[in-house]
Amino acid sequence: MYQQAGDRGNASATLNNIGSVYNRLGDRQRALDYFHQALPAQREVGDRAGEAAILTNIGHVYGRLGDRQRALDHYHQSLPIQREVGDRAGEAATLINIGSVYAALGDRQRALDYFHEALPIRREVGDRAGEAVTMNNIGSVYNDFGDPQGALDYFHEALPIRREVGDRAGEATTLTNIGLAYNGLGDRQRALDHYRQALPIQREVGDRAGEAVTLNNIGGAYKGLGDRQRALDHYHQALPIRREVGDRAGEAVTRYNIAMVHQADGDLDQAIRELEHVVDLDRQVDHPDLEADTALLEKLRRQRAQDGETELPSGS
């Protein structure tokens, strides 16, 4: 109806909303299709705030697809517009998104800088849910820095706020992160307890990407406990979901984990097959582990070749 009436602004806003729903459903490609239809119309009608929102949404989808550079490009287009129009809440959200991409790229200090810039803005605008997201993200970076206890401090601040505002998906994310921190401290059982609290919530809210992360993490905890078969079972549950949601970077992580279990079991052929997929996925998403994963693949190939050599008996 908006299109028939020539109402470009409302038509664009509706396209953006449809894209947002597809994004929440995990259909990233269809979400992108709608966002890319919405963007030129917002520019045409001069809606700068709407333009920034769509750029942020496009960046978010590219981030979930593992295309981090394209995600950053869109976030960095959005941020100055949000500052220009005084959208403090949107500015904080984009700062968080940029920080999250840098964290995924391994630039943890830059990630922390963006998260710490966002936190006071979220408190200023009274965004309790966003405050919890920010604390959760800061905790995640501390965990990546090898400071699981510092991470737990932030996660335990975030969790009651998640519950207070009824953010079930966010609650599951923080529970998963608490599990990761306990796993880093070597407390595998407590890690599993938190992962198992998170998993049914993720299924309840339809967070397929999060479900895959948690299944992958449960596999890691079982591997740490020496139960390699149960670890493989959970990795193999995670893998098709990673593919379904188009998370190529996540698929690479799960395949790498599967490869490591096969290597530990002495099955070099299967480990190599998985690592070949890992290296291919690393190249597709420009993953920072590409060089290390390629080196490991070559090492296992050499090991297999050496193991396959036949030593002839000495002559008389």
# chains A, B, ... in the order shown; residues from 1 in each chain; ligands from 1
$ residues_around --residues "A:His36" --least-positions-apart "2" --cutoff "12 Å" --atoms "only C-alpha atoms" --output "ChimeraX atom specification"
/A:12-13,15-16,18-20,29-34,38-43,51,54-59,61,74
$ write_last_selection --atoms "N, CA, C and O atoms" --output "mmCIF file, in the first residue's frame"
data_model
loop_
_atom_site.group_PDB
_atom_site.id
_atom_site.type_symbol
_atom_site.label_atom_id
_atom_site.label_comp_id
_atom_site.auth_asym_id
_atom_site.auth_seq_id
_atom_site.Cartn_x
_atom_site.Cartn_y
_atom_site.Cartn_z
ATOM 1 N N SER A 12 10.096 2.151 2.818
ATOM 2 C CA SER A 12 11.456 1.796 3.217
ATOM 3 C C SER A 12 11.493 1.295 4.655
ATOM 4 O O SER A 12 12.156 0.290 4.971
ATOM 5 N N ALA A 13 10.775 1.985 5.544
ATOM 6 C CA ALA A 13 10.747 1.564 6.947
ATOM 7 C C ALA A 13 10.168 0.167 7.090
ATOM 8 O O ALA A 13 10.642 -0.645 7.896
ATOM 9 N N LEU A 15 10.160 -2.214 4.714
ATOM 10 C CA LEU A 15 11.165 -3.149 4.202
ATOM 11 C C LEU A 15 12.231 -3.434 5.256
ATOM 12 O O LEU A 15 12.658 -4.582 5.441
ATOM 13 N N ASN A 16 12.657 -2.393 5.959
ATOM 14 C CA ASN A 16 13.646 -2.554 7.016
ATOM 15 C C ASN A 16 13.113 -3.459 8.125
ATOM 16 O O ASN A 16 13.820 -4.330 8.639
ATOM 17 N N ILE A 18 10.772 -5.783 7.855
ATOM 18 C CA ILE A 18 10.700 -7.160 7.360
ATOM 19 C C ILE A 18 12.091 -7.802 7.414
ATOM 20 O O ILE A 18 12.258 -8.943 7.850
ATOM 21 N N GLY A 19 13.084 -7.036 6.974
ATOM 22 C CA GLY A 19 14.457 -7.545 7.038
ATOM 23 C C GLY A 19 14.873 -7.884 8.452
ATOM 24 O O GLY A 19 15.532 -8.897 8.700
ATOM 25 N N SER A 20 14.467 -7.050 9.412
ATOM 26 C CA SER A 20 14.822 -7.294 10.815
ATOM 27 C C SER A 20 14.211 -8.590 11.322
ATOM 28 O O SER A 20 14.848 -9.339 12.078
ATOM 29 N N GLN A 29 20.338 -14.061 4.482
ATOM 30 C CA GLN A 29 20.381 -13.593 3.094
ATOM 31 C C GLN A 29 19.104 -12.853 2.730
ATOM 32 O O GLN A 29 19.134 -11.809 2.068
ATOM 33 N N ARG A 30 17.972 -13.378 3.183
ATOM 34 C CA ARG A 30 16.719 -12.690 2.882
ATOM 35 C C ARG A 30 16.654 -11.350 3.613
ATOM 36 O O ARG A 30 16.138 -10.363 3.090
ATOM 37 N N ALA A 31 17.197 -11.317 4.838
ATOM 38 C CA ALA A 31 17.259 -10.050 5.572
ATOM 39 C C ALA A 31 18.051 -9.016 4.777
ATOM 40 O O ALA A 31 17.615 -7.862 4.616
ATOM 41 N N LEU A 32 19.208 -9.427 4.254
ATOM 42 C CA LEU A 32 20.025 -8.505 3.453
ATOM 43 C C LEU A 32 19.270 -7.992 2.235
ATOM 44 O O LEU A 32 19.363 -6.815 1.885
ATOM 45 N N ASP A 33 18.527 -8.878 1.589
ATOM 46 C CA ASP A 33 17.768 -8.466 0.405
ATOM 47 C C ASP A 33 16.821 -7.313 0.740
ATOM 48 O O ASP A 33 16.728 -6.329 -0.011
ATOM 49 N N TYR A 34 16.132 -7.425 1.870
ATOM 50 C CA TYR A 34 15.188 -6.373 2.258
ATOM 51 C C TYR A 34 15.909 -5.099 2.698
ATOM 52 O O TYR A 34 15.489 -3.983 2.365
ATOM 53 N N ALA A 38 15.672 -1.284 1.157
ATOM 54 C CA ALA A 38 15.241 -0.156 1.989
ATOM 55 C C ALA A 38 16.217 1.021 1.937
ATOM 56 O O ALA A 38 15.795 2.187 2.002
ATOM 57 N N LEU A 39 17.521 0.741 1.815
ATOM 58 C CA LEU A 39 18.533 1.777 1.975
ATOM 59 C C LEU A 39 18.424 2.935 0.973
ATOM 60 O O LEU A 39 18.424 4.106 1.387
ATOM 61 N N PRO A 40 18.331 2.671 -0.328
ATOM 62 C CA PRO A 40 18.286 3.816 -1.258
ATOM 63 C C PRO A 40 17.053 4.695 -1.071
ATOM 64 O O PRO A 40 17.115 5.913 -1.276
ATOM 65 N N ALA A 41 15.937 4.085 -0.659
ATOM 66 C CA ALA A 41 14.731 4.886 -0.434
ATOM 67 C C ALA A 41 14.908 5.822 0.755
ATOM 68 O O ALA A 41 14.462 6.978 0.722
ATOM 69 N N GLN A 42 15.574 5.347 1.807
ATOM 70 C CA GLN A 42 15.822 6.207 2.964
ATOM 71 C C GLN A 42 16.713 7.385 2.579
ATOM 72 O O GLN A 42 16.512 8.507 3.033
ATOM 73 N N ARG A 43 17.698 7.117 1.732
ATOM 74 C CA ARG A 43 18.579 8.202 1.282
ATOM 75 C C ARG A 43 17.802 9.189 0.407
ATOM 76 O O ARG A 43 18.006 10.402 0.477
ATOM 77 N N GLU A 51 18.447 5.960 7.625
ATOM 78 C CA GLU A 51 19.596 5.469 6.859
ATOM 79 C C GLU A 51 20.619 4.818 7.775
ATOM 80 O O GLU A 51 21.133 3.731 7.489
ATOM 81 N N ILE A 54 19.451 1.379 9.020
ATOM 82 C CA ILE A 54 19.571 0.315 8.022
ATOM 83 C C ILE A 54 21.030 -0.068 7.812
ATOM 84 O O ILE A 54 21.370 -1.256 7.696
ATOM 85 N N LEU A 55 21.927 0.903 7.774
ATOM 86 C CA LEU A 55 23.361 0.592 7.655
ATOM 87 C C LEU A 55 23.822 -0.288 8.805
ATOM 88 O O LEU A 55 24.588 -1.242 8.614
ATOM 89 N N THR A 56 23.355 0.031 10.014
ATOM 90 C CA THR A 56 23.702 -0.786 11.176
ATOM 91 C C THR A 56 23.166 -2.196 11.018
ATOM 92 O O THR A 56 23.863 -3.182 11.320
ATOM 93 N N ASN A 57 21.916 -2.316 10.539
ATOM 94 C CA ASN A 57 21.328 -3.643 10.355
ATOM 95 C C ASN A 57 22.088 -4.460 9.320
ATOM 96 O O ASN A 57 22.322 -5.660 9.504
ATOM 97 N N ILE A 58 22.492 -3.817 8.238
ATOM 98 C CA ILE A 58 23.269 -4.515 7.210
ATOM 99 C C ILE A 58 24.604 -4.974 7.798
ATOM 100 O O ILE A 58 25.038 -6.109 7.576
ATOM 101 N N GLY A 59 25.246 -4.089 8.557
ATOM 102 C CA GLY A 59 26.505 -4.457 9.202
ATOM 103 C C GLY A 59 26.340 -5.653 10.114
ATOM 104 O O GLY A 59 27.174 -6.564 10.142
ATOM 105 N N VAL A 61 24.125 -8.085 9.923
ATOM 106 C CA VAL A 61 23.952 -9.325 9.162
ATOM 107 C C VAL A 61 25.285 -9.796 8.591
ATOM 108 O O VAL A 61 25.623 -10.980 8.671
ATOM 109 N N HIS A 74 29.992 -0.908 7.057
ATOM 110 C CA HIS A 74 28.641 -0.371 7.241
ATOM 111 C C HIS A 74 28.483 0.300 8.602
ATOM 112 O O HIS A 74 27.822 1.336 8.716
#
$ residues_around --residues "A:Ala191" --least-positions-apart "2" --cutoff "9 Å" --atoms "only C-alpha atoms" --output "JSON list (two decimals) with all heavy atoms, in the first residue's frame"
[["chain", "number", "residue", "atom", "x", "y", "z"],
["A", 176, "THR", "N", 25.85, -18.88, 28.79],
["A", 176, "THR", "CA", 26.88, -19.55, 27.98],
["A", 176, "THR", "C", 28.25, -18.96, 28.27],
["A", 176, "THR", "O", 29.25, -19.69, 28.41],
["A", 176, "THR", "CB", 26.54, -19.41, 26.49],
["A", 176, "THR", "OG1", 25.31, -20.08, 26.22],
["A", 176, "THR", "CG2", 27.63, -20.03, 25.63],
["A", 178, "ILE", "N", 29.24, -17.41, 31.01],
["A", 178, "ILE", "CA", 29.67, -17.83, 32.35],
["A", 178, "ILE", "C", 30.26, -19.24, 32.28],
["A", 178, "ILE", "O", 31.29, -19.54, 32.89],
["A", 178, "ILE", "CB", 28.50, -17.76, 33.35],
["A", 178, "ILE", "CG1", 28.10, -16.30, 33.60],
["A", 178, "ILE", "CG2", 28.86, -18.44, 34.67],
["A", 178, "ILE", "CD1", 26.82, -16.13, 34.41],
["A", 179, "GLY", "N", 29.60, -20.10, 31.50],
["A", 179, "GLY", "CA", 30.14, -21.45, 31.31],
["A", 179, "GLY", "C", 31.52, -21.43, 30.70],
["A", 179, "GLY", "O", 32.42, -22.17, 31.13],
["A", 180, "LEU", "N", 31.72, -20.54, 29.71],
["A", 180, "LEU", "CA", 33.05, -20.42, 29.09],
["A", 180, "LEU", "C", 34.10, -20.00, 30.10],
["A", 180, "LEU", "O", 35.23, -20.52, 30.10],
["A", 180, "LEU", "CB", 33.00, -19.40, 27.95],
["A", 180, "LEU", "CG", 32.46, -19.85, 26.61],
["A", 180, "LEU", "CD1", 32.29, -18.65, 25.69],
["A", 180, "LEU", "CD2", 33.38, -20.88, 25.98],
["A", 181, "ALA", "N", 33.73, -19.05, 30.97],
["A", 181, "ALA", "CA", 34.69, -18.57, 31.96],
["A", 181, "ALA", "C", 35.05, -19.68, 32.94],
["A", 181, "ALA", "O", 36.23, -19.88, 33.28],
["A", 181, "ALA", "CB", 34.12, -17.36, 32.71],
["A", 182, "TYR", "N", 34.05, -20.43, 33.39],
["A", 182, "TYR", "CA", 34.34, -21.55, 34.29],
["A", 182, "TYR", "C", 35.19, -22.61, 33.59],
["A", 182, "TYR", "O", 36.08, -23.23, 34.20],
["A", 182, "TYR", "CB", 33.05, -22.16, 34.83],
["A", 182, "TYR", "CG", 32.46, -21.38, 35.99],
["A", 182, "TYR", "CD1", 31.17, -20.89, 35.96],
["A", 182, "TYR", "CD2", 33.21, -21.14, 37.14],
["A", 182, "TYR", "CE1", 30.63, -20.16, 37.02],
["A", 182, "TYR", "CE2", 32.70, -20.41, 38.21],
["A", 182, "TYR", "CZ", 31.40, -19.93, 38.13],
["A", 182, "TYR", "OH", 30.88, -19.21, 39.20],
["A", 183, "ASN", "N", 34.91, -22.82, 32.31],
["A", 183, "ASN", "CA", 35.73, -23.77, 31.56],
["A", 183, "ASN", "C", 37.18, -23.30, 31.51],
["A", 183, "ASN", "O", 38.11, -24.09, 31.66],
["A", 183, "ASN", "CB", 35.18, -23.92, 30.14],
["A", 183, "ASN", "CG", 35.74, -25.11, 29.41],
["A", 183, "ASN", "OD1", 35.55, -26.24, 29.82],
["A", 183, "ASN", "ND2", 36.44, -24.87, 28.31],
["A", 184, "GLY", "N", 37.37, -21.98, 31.35],
["A", 184, "GLY", "CA", 38.72, -21.42, 31.35],
["A", 184, "GLY", "C", 39.41, -21.58, 32.69],
["A", 184, "GLY", "O", 40.65, -21.65, 32.75],
["A", 186, "GLY", "N", 39.03, -24.17, 34.45],
["A", 186, "GLY", "CA", 39.20, -25.61, 34.64],
["A", 186, "GLY", "C", 38.06, -26.29, 35.35],
["A", 186, "GLY", "O", 38.12, -27.49, 35.63],
["A", 187, "ASP", "N", 36.98, -25.53, 35.63],
["A", 187, "ASP", "CA", 35.82, -26.11, 36.33],
["A", 187, "ASP", "C", 34.82, -26.56, 35.28],
["A", 187, "ASP", "O", 33.83, -25.89, 35.00],
["A", 187, "ASP", "CB", 35.21, -25.07, 37.27],
["A", 187, "ASP", "CG", 34.19, -25.66, 38.23],
["A", 187, "ASP", "OD1", 33.66, -26.75, 37.92],
["A", 187, "ASP", "OD2", 33.91, -25.03, 39.26],
["A", 188, "ARG", "N", 35.09, -27.71, 34.67],
["A", 188, "ARG", "CA", 34.27, -28.19, 33.55],
["A", 188, "ARG", "C", 32.83, -28.49, 33.97],
["A", 188, "ARG", "O", 31.90, -28.25, 33.20],
["A", 188, "ARG", "CB", 34.87, -29.46, 32.94],
["A", 188, "ARG", "CG", 36.36, -29.40, 32.67],
["A", 188, "ARG", "CD", 36.68, -28.81, 31.32],
["A", 188, "ARG", "NE", 38.05, -29.02, 31.00],
["A", 188, "ARG", "CZ", 38.98, -28.08, 30.90],
["A", 188, "ARG", "NH1", 38.65, -26.82, 31.09],
["A", 188, "ARG", "NH2", 40.22, -28.36, 30.61],
["A", 189, "GLN", "N", 32.66, -29.01, 35.17],
["A", 189, "GLN", "CA", 31.31, -29.37, 35.59],
["A", 189, "GLN", "C", 30.43, -28.14, 35.76],
["A", 189, "GLN", "O", 29.28, -28.12, 35.33],
["A", 189, "GLN", "CB", 31.35, -30.18, 36.89],
["A", 189, "GLN", "CG", 30.02, -30.86, 37.20],
["A", 189, "GLN", "CD", 29.53, -31.73, 36.04],
["A", 189, "GLN", "OE1", 30.22, -32.64, 35.59],
["A", 189, "GLN", "NE2", 28.33, -31.44, 35.53],
["A", 193, "ASP", "N", 27.05, -27.08, 33.70],
["A", 193, "ASP", "CA", 25.79, -26.68, 34.36],
["A", 193, "ASP", "C", 25.21, -25.42, 33.71],
["A", 193, "ASP", "O", 23.99, -25.33, 33.48],
["A", 193, "ASP", "CB", 26.04, -26.42, 35.85],
["A", 193, "ASP", "CG", 26.37, -27.69, 36.63],
["A", 193, "ASP", "OD1", 26.11, -28.80, 36.10],
["A", 193, "ASP", "OD2", 26.89, -27.58, 37.76],
["A", 194, "HIS", "N", 26.07, -24.44, 33.43],
["A", 194, "HIS", "CA", 25.59, -23.19, 32.84],
["A", 194, "HIS", "C", 25.21, -23.36, 31.36],
["A", 194, "HIS", "O", 24.23, -22.77, 30.90],
["A", 194, "HIS", "CB", 26.63, -22.08, 33.03],
["A", 194, "HIS", "CG", 26.67, -21.55, 34.42],
["A", 194, "HIS", "ND1", 27.38, -22.17, 35.44],
["A", 194, "HIS", "CD2", 26.05, -20.49, 35.01],
["A", 194, "HIS", "CE1", 27.21, -21.50, 36.56],
["A", 194, "HIS", "NE2", 26.42, -20.48, 36.33],
["A", 195, "TYR", "N", 25.97, -24.17, 30.63],
["A", 195, "TYR", "CA", 25.61, -24.43, 29.24],
["A", 195, "TYR", "C", 24.22, -25.10, 29.17],
["A", 195, "TYR", "O", 23.40, -24.78, 28.30],
["A", 195, "TYR", "CB", 26.62, -25.36, 28.56],
["A", 195, "TYR", "CG", 28.01, -24.79, 28.40],
["A", 195, "TYR", "CD1", 29.13, -25.62, 28.42],
["A", 195, "TYR", "CD2", 28.23, -23.43, 28.19],
["A", 195, "TYR", "CE1", 30.41, -25.13, 28.25],
["A", 195, "TYR", "CE2", 29.50, -22.92, 28.03],
["A", 195, "TYR", "CZ", 30.60, -23.78, 28.07],
["A", 195, "TYR", "OH", 31.87, -23.28, 27.91],
["A", 196, "ARG", "N", 23.98, -26.02, 30.10],
["A", 196, "ARG", "CA", 22.70, -26.74, 30.08],
["A", 196, "ARG", "C", 21.53, -25.85, 30.50],
["A", 196, "ARG", "O", 20.38, -26.13, 30.15],
["A", 196, "ARG", "CB", 22.79, -27.97, 30.98],
["A", 196, "ARG", "CG", 23.65, -29.08, 30.37],
["A", 196, "ARG", "CD", 23.68, -30.28, 31.27],
["A", 196, "ARG", "NE", 24.52, -31.34, 30.72],
["A", 196, "ARG", "CZ", 25.43, -32.02, 31.41],
["A", 196, "ARG", "NH1", 25.62, -31.73, 32.69],
["A", 196, "ARG", "NH2", 26.13, -32.97, 30.84],
["A", 217, "ASN", "N", 30.21, -25.55, 22.66],
["A", 217, "ASN", "CA", 30.88, -25.38, 23.95],
["A", 217, "ASN", "C", 30.71, -26.59, 24.86],
["A", 217, "ASN", "O", 31.62, -26.95, 25.61],
["A", 217, "ASN", "CB", 30.36, -24.12, 24.64],
["A", 217, "ASN", "CG", 30.78, -22.86, 23.92],
["A", 217, "ASN", "OD1", 31.71, -22.86, 23.12],
["A", 217, "ASN", "ND2", 30.09, -21.76, 24.21],
["A", 218, "ILE", "N", 29.52, -27.21, 24.81],
["A", 218, "ILE", "CA", 29.31, -28.44, 25.58],
["A", 218, "ILE", "C", 30.29, -29.50, 25.10],
["A", 218, "ILE", "O", 30.90, -30.23, 25.90],
["A", 218, "ILE", "CB", 27.85, -28.91, 25.45],
["A", 218, "ILE", "CG1", 26.91, -27.95, 26.18],
["A", 218, "ILE", "CG2", 27.69, -30.32, 26.03],
["A", 218, "ILE", "CD1", 25.43, -28.23, 25.96],
["A", 221, "ALA", "N", 33.64, -28.84, 26.62],
["A", 221, "ALA", "CA", 33.73, -29.23, 28.03],
["A", 221, "ALA", "C", 33.91, -30.73, 28.16],
["A", 221, "ALA", "O", 34.72, -31.21, 28.97],
["A", 221, "ALA", "CB", 32.48, -28.76, 28.78]]
$ closest_residue --among "A:Arg301, A:His234, A:Arg110, A:Arg243" --to "A:Ile272" --atoms "only C-alpha atoms"
A:Arg301
$ closest_residue --among "A:Gly219, A:Gly90, A:Gly250, A:Gly26" --to "A:Tyr235" --atoms "only C-alpha atoms"
A:Gly219
$ closest_residue --among "A:Ser140, A:Gln229, A:Gln303, A:Thr94" --to "A:Asp265" --atoms "only C-alpha atoms"
A:Gln229
$ residues_around --residues "A:Asp233" --least-positions-apart "6" --cutoff "12 Å" --atoms "only C-alpha atoms" --output "number ranges by chain"
A: 215-220, 222-223, 227, 239, 254, 257-258, 261
$ residues_around --residues "A:Arg128" --least-positions-apart "5" --cutoff "10 Å" --atoms "only C-alpha atoms" --output "JSON, numbers by chain"
{"A": [122, 123, 133, 134, 158, 161, 162, 164, 165]}
$ write_last_selection --atoms "C-alpha atoms" --output "PDB file, in the first residue's frame"
ATOM      1  CA  ARG A 122      23.734   3.166  27.692  1.00  0.00           C
ATOM      2  CA  ARG A 123      23.501   4.197  31.339  1.00  0.00           C
ATOM      3  CA  VAL A 133      24.794  -6.399  26.589  1.00  0.00           C
ATOM      4  CA  THR A 134      27.761  -4.087  27.049  1.00  0.00           C
ATOM      5  CA  ALA A 158      24.912  -8.643  33.475  1.00  0.00           C
ATOM      6  CA  ILE A 161      19.754  -7.340  34.461  1.00  0.00           C
ATOM      7  CA  ARG A 162      19.042  -9.760  31.605  1.00  0.00           C
ATOM      8  CA  GLU A 164      15.083  -8.155  35.109  1.00  0.00           C
ATOM      9  CA  VAL A 165      14.272  -6.933  31.606  1.00  0.00           C
TER      10      VAL A 165
END
$ closest_residue --among "A:Gly66, A:Pro120, A:Pro200, A:Gly50" --to "A:Asp282" --atoms "only C-alpha atoms"
A:Gly66
$ atom_distance --atom1 "atom CA of A:Glu117" --atom2 "atom CA of A:Gln77"
17.8 Å
$ residues_around --residues "stretch 275-279 of chain A" --least-positions-apart "6" --cutoff "12 Å" --atoms "only C-alpha atoms" --output "PyMOL selection string"
chain A and resi 248-263+268-269+285-301
$ write_last_selection --atoms "C-alpha atoms" --output "JSON list (two decimals), in the first residue's frame"
[["chain", "number", "residue", "atom", "x", "y", "z"],
["A", 248, "ARG", "CA", 30.96, -19.93, 8.11],
["A", 249, "ALA", "CA", 33.36, -18.73, 10.81],
["A", 250, "GLY", "CA", 31.46, -20.78, 13.39],
["A", 251, "GLU", "CA", 31.41, -23.78, 11.07],
["A", 252, "ALA", "CA", 35.21, -23.52, 10.83],
["A", 253, "VAL", "CA", 35.48, -23.52, 14.64],
["A", 254, "THR", "CA", 33.29, -26.61, 15.02],
["A", 255, "ARG", "CA", 35.07, -28.46, 12.22],
["A", 256, "TYR", "CA", 38.42, -27.61, 13.82],
["A", 257, "ASN", "CA", 37.19, -29.06, 17.10],
["A", 258, "ILE", "CA", 36.03, -32.22, 15.35],
["A", 259, "ALA", "CA", 39.43, -32.49, 13.68],
["A", 260, "MET", "CA", 41.19, -32.24, 17.04],
["A", 261, "VAL", "CA", 39.13, -35.10, 18.46],
["A", 262, "HIS", "CA", 39.94, -37.28, 15.45],
["A", 263, "GLN", "CA", 43.62, -36.40, 15.80],
["A", 268, "LEU", "CA", 44.55, -38.66, 10.79],
["A", 269, "ASP", "CA", 42.54, -39.18, 7.60],
["A", 285, "VAL", "CA", 35.82, -15.23, 5.80],
["A", 286, "ASP", "CA", 39.41, -13.93, 5.97],
["A", 287, "HIS", "CA", 39.84, -15.60, 9.36],
["A", 288, "PRO", "CA", 42.90, -14.59, 11.42],
["A", 289, "ASP", "CA", 43.64, -18.28, 12.12],
["A", 290, "LEU", "CA", 44.10, -19.12, 8.43],
["A", 291, "GLU", "CA", 47.90, -19.29, 8.63],
["A", 292, "ALA", "CA", 47.94, -21.40, 11.80],
["A", 293, "ASP", "CA", 45.24, -23.77, 10.52],
["A", 294, "THR", "CA", 47.05, -24.18, 7.19],
["A", 295, "ALA", "CA", 50.30, -24.99, 9.02],
["A", 296, "LEU", "CA", 48.53, -27.59, 11.15],
["A", 297, "LEU", "CA", 46.96, -29.18, 8.08],
["A", 298, "GLU", "CA", 50.37, -29.48, 6.41],
["A", 299, "LYS", "CA", 51.86, -30.93, 9.60],
["A", 300, "LEU", "CA", 49.19, -33.65, 9.75],
["A", 301, "ARG", "CA", 49.66, -34.43, 6.06]]
$ decode --residues "stretch 237-274 of chain A" --atoms "C-alpha atoms" --output "short mmCIF file (atom, residue, chain, number, x, y, z; two decimals), in the first residue's frame"
data_model
loop_
_atom_site.label_atom_id
_atom_site.label_comp_id
_atom_site.auth_asym_id
_atom_site.auth_seq_id
_atom_site.Cartn_x
_atom_site.Cartn_y
_atom_site.Cartn_z
CA GLN A 237 24.78 -31.54 16.53
CA ALA A 238 26.26 -28.04 16.22
CA LEU A 239 27.67 -28.42 12.70
CA PRO A 240 24.43 -28.59 10.63
CA ILE A 241 23.03 -25.62 12.55
CA ARG A 242 26.16 -23.59 11.79
CA ARG A 243 25.57 -24.37 8.10
CA GLU A 244 21.85 -23.66 8.31
CA VAL A 245 22.38 -20.15 9.67
CA GLY A 246 25.26 -19.43 7.29
CA ASP A 247 27.85 -19.01 10.05
CA ARG A 248 30.96 -19.93 8.11
CA ALA A 249 33.36 -18.73 10.81
CA GLY A 250 31.46 -20.78 13.39
CA GLU A 251 31.41 -23.78 11.07
CA ALA A 252 35.21 -23.52 10.83
CA VAL A 253 35.48 -23.52 14.64
CA THR A 254 33.29 -26.61 15.02
CA ARG A 255 35.07 -28.46 12.22
CA TYR A 256 38.42 -27.61 13.82
CA ASN A 257 37.19 -29.06 17.10
CA ILE A 258 36.03 -32.22 15.35
CA ALA A 259 39.43 -32.49 13.68
CA MET A 260 41.19 -32.24 17.04
CA VAL A 261 39.13 -35.10 18.46
CA HIS A 262 39.94 -37.28 15.45
CA GLN A 263 43.62 -36.40 15.80
CA ALA A 264 43.53 -37.38 19.47
CA ASP A 265 41.90 -40.67 18.44
CA GLY A 266 44.69 -41.29 15.92
CA ASP A 267 42.37 -40.94 12.90
CA LEU A 268 44.55 -38.66 10.79
CA ASP A 269 42.54 -39.18 7.60
CA GLN A 270 39.37 -37.81 9.17
CA ALA A 271 41.26 -35.03 10.96
CA ILE A 272 42.81 -33.92 7.66
CA ARG A 273 39.46 -33.97 5.86
CA GLU A 274 37.97 -31.69 8.50
#
